Amino acid sequence: IEGNQCGVYAVNSGKVTIEGGTISGSTEPYKKALMIQGSTCEITGGTFSDDPSYYVPTGYAAKLNSETGMYVVSQIATADVSIAATNAATGEQLEGTKLQIIDSEGTVVKEWTSDDEVETIEALPEGTYTLRVTVAPAGYVIPADVTFTINEQGVVTSSGSMKDDGTLLIELSETSVSIAAVDAADGAQLEGTRLQILDKDGNVVLSAAQKLAEV
């Protein structure tokens, strides 16, 4: 291991000393810590003291107990997180929405395009995440980000909406445009004006005579 560091395993209470790469004391696999060579670390029921550089296996974390000054090695909570992109008005699931899950370090941990099925991310570790829409389906507006948190008990909470079954929702609103024909002099709305909306190719997508307060 680089940096003159040694891996240590401990299962019972007692001291483990590392000197010149030699490990003495209990070495039965239980929790793993990585300590600077030559340091002494108190092992008490899976905790260790001092302030070493530490390593824990995948799925575990070392957390400092501020009251005792001890690091406690414990398994990281995970949760299966289900996510759906829906129409904000109808609740209908939307296909073609591009989404990302971003962790607290700004790393994209999952990216996908929605279909008519709920997307489930299995065994997502505890922490706070951002759910972001990068591309909305045609006719929809990209919504604000949603944040969600998995706590130490594996419970998921969200800043957005959630279904009764725990599915996280990111809700997209349809694009809407308000148009009015008004008198250039006094701003009064005019009835009977014939209006057209054309697409980029010059095709008429809407044609109507204006009534007051609507097209």
# chains A, B, ... in the order shown; residues from 1 in each chain; ligands from 1
call {"tool": "residues_around", "arguments": {"residues": "region 94-103 of chain A", "least_positions_apart": "6", "cutoff": "8 Å", "atoms": "only C-alpha atoms", "output": "list of chain:residue names"}}
result
A:Ala85, A:Thr86, A:Asn87, A:Val109, A:Lys110, A:Glu111, A:Trp112, A:Thr113, A:Ser114, A:Asp115, A:Asp116, A:Gly127, A:Thr128, A:Tyr129, A:Thr130, A:Leu131, A:Arg132, A:Val133, A:Thr134, A:Val135, A:Ala136, A:Pro137
call {"tool": "atom_distance", "arguments": {"atom1": "CA of Leu168 (chain A)", "atom2": "CA of Val81 (chain A)"}}
result
7.6 Å
call {"tool": "closest_atom_pairs", "arguments": {"of": "region 137-158 of chain A", "to": "region 176-181 of chain A", "cutoff": "12 Å", "atoms": "only C-alpha atoms", "output": "CSV"}}
result
residue,atom,partner,partner_atom,distance
A:Gly139,CA,A:Ser176,CA,8.5
A:Tyr140,CA,A:Ser176,CA,8.8
A:Val141,CA,A:Ser176,CA,9.2
call {"tool": "write_last_selection", "arguments": {"atoms": "all heavy atoms", "output": "mmCIF file, in the first residue's frame"}}
result
data_model
loop_
_atom_site.group_PDB
_atom_site.id
_atom_site.type_symbol
_atom_site.label_atom_id
_atom_site.label_comp_id
_atom_site.auth_asym_id
_atom_site.auth_seq_id
_atom_site.Cartn_x
_atom_site.Cartn_y
_atom_site.Cartn_z
ATOM 1 N N GLY A 139 -42.967 20.231 -25.901
ATOM 2 C CA GLY A 139 -44.184 20.785 -25.320
ATOM 3 C C GLY A 139 -44.153 20.942 -23.816
ATOM 4 O O GLY A 139 -45.142 21.360 -23.216
ATOM 5 N N TYR A 140 -43.005 20.629 -23.199
ATOM 6 C CA TYR A 140 -42.884 20.740 -21.745
ATOM 7 C C TYR A 140 -41.704 21.630 -21.364
ATOM 8 O O TYR A 140 -40.735 21.778 -22.111
ATOM 9 C CB TYR A 140 -42.707 19.362 -21.105
ATOM 10 C CG TYR A 140 -43.975 18.541 -21.120
ATOM 11 C CD1 TYR A 140 -44.320 17.780 -22.228
ATOM 12 C CD2 TYR A 140 -44.839 18.548 -20.031
ATOM 13 C CE1 TYR A 140 -45.488 17.029 -22.256
ATOM 14 C CE2 TYR A 140 -46.011 17.805 -20.046
ATOM 15 C CZ TYR A 140 -46.329 17.048 -21.164
ATOM 16 O OH TYR A 140 -47.496 16.322 -21.184
ATOM 17 N N VAL A 141 -41.798 22.213 -20.172
ATOM 18 C CA VAL A 141 -40.768 23.105 -19.646
ATOM 19 C C VAL A 141 -39.892 22.326 -18.666
ATOM 20 O O VAL A 141 -40.396 21.521 -17.874
ATOM 21 C CB VAL A 141 -41.412 24.307 -18.925
ATOM 22 C CG1 VAL A 141 -40.347 25.234 -18.353
ATOM 23 C CG2 VAL A 141 -42.329 25.066 -19.872
#
call {"tool": "atom_distance", "arguments": {"atom1": "CA of Val146 (chain A)", "atom2": "CA of Ile76 (chain A)"}}
result
23.1 Å
call {"tool": "closest_residue", "arguments": {"among": "A:Asp183, A:Glu126, A:Glu105, A:Glu171", "to": "Ala88 (chain A)", "atoms": "only C-alpha atoms"}}
result
A:Glu171
call {"tool": "select_by_dssp", "arguments": {"residues": "region 43-193 of chain A", "states": "strand (DSSP E or B)", "output": "VMD selection string"}}
result
chain A and resid 43 to 44 47 to 48 60 to 65 70 to 75 78 to 87 93 98 to 102 108 to 113 119 to 125 127 to 135 140 146 to 150 156 to 158 161 to 162 168 to 172 174 182 189
call {"tool": "residues_around", "arguments": {"residues": "Ile83 (chain A)", "least_positions_apart": "4", "cutoff": "9 Å", "atoms": "only C-alpha atoms", "output": "ChimeraX atom specification"}}
result
/A:118-121,166-170
call {"tool": "write_last_selection", "arguments": {"atoms": "N, CA, C and O atoms", "output": "PDB file, in the first residue's frame"}}
result
ATOM      1  N   VAL A 118     -41.488   3.132 -14.334  1.00  0.00           N
ATOM      2  CA  VAL A 118     -40.776   3.815 -13.257  1.00  0.00           C
ATOM      3  C   VAL A 118     -39.327   3.344 -13.255  1.00  0.00           C
ATOM      4  O   VAL A 118     -39.047   2.151 -13.409  1.00  0.00           O
ATOM      5  N   GLU A 119     -38.393   4.275 -13.107  1.00  0.00           N
ATOM      6  CA  GLU A 119     -36.972   3.931 -13.033  1.00  0.00           C
ATOM      7  C   GLU A 119     -36.594   3.678 -11.573  1.00  0.00           C
ATOM      8  O   GLU A 119     -36.851   4.520 -10.699  1.00  0.00           O
ATOM      9  N   THR A 120     -35.982   2.533 -11.287  1.00  0.00           N
ATOM     10  CA  THR A 120     -35.559   2.209  -9.927  1.00  0.00           C
ATOM     11  C   THR A 120     -34.045   2.078  -9.874  1.00  0.00           C
ATOM     12  O   THR A 120     -33.452   1.308 -10.641  1.00  0.00           O
ATOM     13  N   ILE A 121     -33.426   2.839  -8.972  1.00  0.00           N
ATOM     14  CA  ILE A 121     -31.983   2.772  -8.742  1.00  0.00           C
ATOM     15  C   ILE A 121     -31.782   1.980  -7.461  1.00  0.00           C
ATOM     16  O   ILE A 121     -32.234   2.384  -6.393  1.00  0.00           O
ATOM     17  N   GLY A 166     -43.854   5.574  -2.315  1.00  0.00           N
ATOM     18  CA  GLY A 166     -42.492   6.073  -2.137  1.00  0.00           C
ATOM     19  C   GLY A 166     -41.805   6.522  -3.407  1.00  0.00           C
ATOM     20  O   GLY A 166     -40.659   6.994  -3.361  1.00  0.00           O
ATOM     21  N   THR A 167     -42.457   6.402  -4.558  1.00  0.00           N
ATOM     22  CA  THR A 167     -41.859   6.842  -5.824  1.00  0.00           C
ATOM     23  C   THR A 167     -41.670   8.358  -5.820  1.00  0.00           C
ATOM     24  O   THR A 167     -42.606   9.109  -5.523  1.00  0.00           O
ATOM     25  N   LEU A 168     -40.457   8.798  -6.138  1.00  0.00           N
ATOM     26  CA  LEU A 168     -40.182  10.233  -6.240  1.00  0.00           C
ATOM     27  C   LEU A 168     -40.693  10.745  -7.589  1.00  0.00           C
ATOM     28  O   LEU A 168     -40.471  10.116  -8.622  1.00  0.00           O
ATOM     29  N   LEU A 169     -41.359  11.885  -7.556  1.00  0.00           N
ATOM     30  CA  LEU A 169     -41.896  12.470  -8.786  1.00  0.00           C
ATOM     31  C   LEU A 169     -41.149  13.745  -9.130  1.00  0.00           C
ATOM     32  O   LEU A 169     -40.861  14.567  -8.252  1.00  0.00           O
ATOM     33  N   ILE A 170     -40.820  13.886 -10.399  1.00  0.00           N
ATOM     34  CA  ILE A 170     -40.373  15.182 -10.894  1.00  0.00           C
ATOM     35  C   ILE A 170     -41.411  15.592 -11.932  1.00  0.00           C
ATOM     36  O   ILE A 170     -41.650  14.885 -12.922  1.00  0.00           O
TER      37      ILE A 170
END
call {"tool": "atom_distance", "arguments": {"atom1": "CA of Ser207 (chain A)", "atom2": "CA of Glu191 (chain A)"}}
result
14.5 Å
call {"tool": "closest_residue", "arguments": {"among": "A:Gln75, A:Ser161, A:Thr175, A:Thr90", "to": "Phe148 (chain A)", "atoms": "only C-alpha atoms"}}
result
A:Ser161
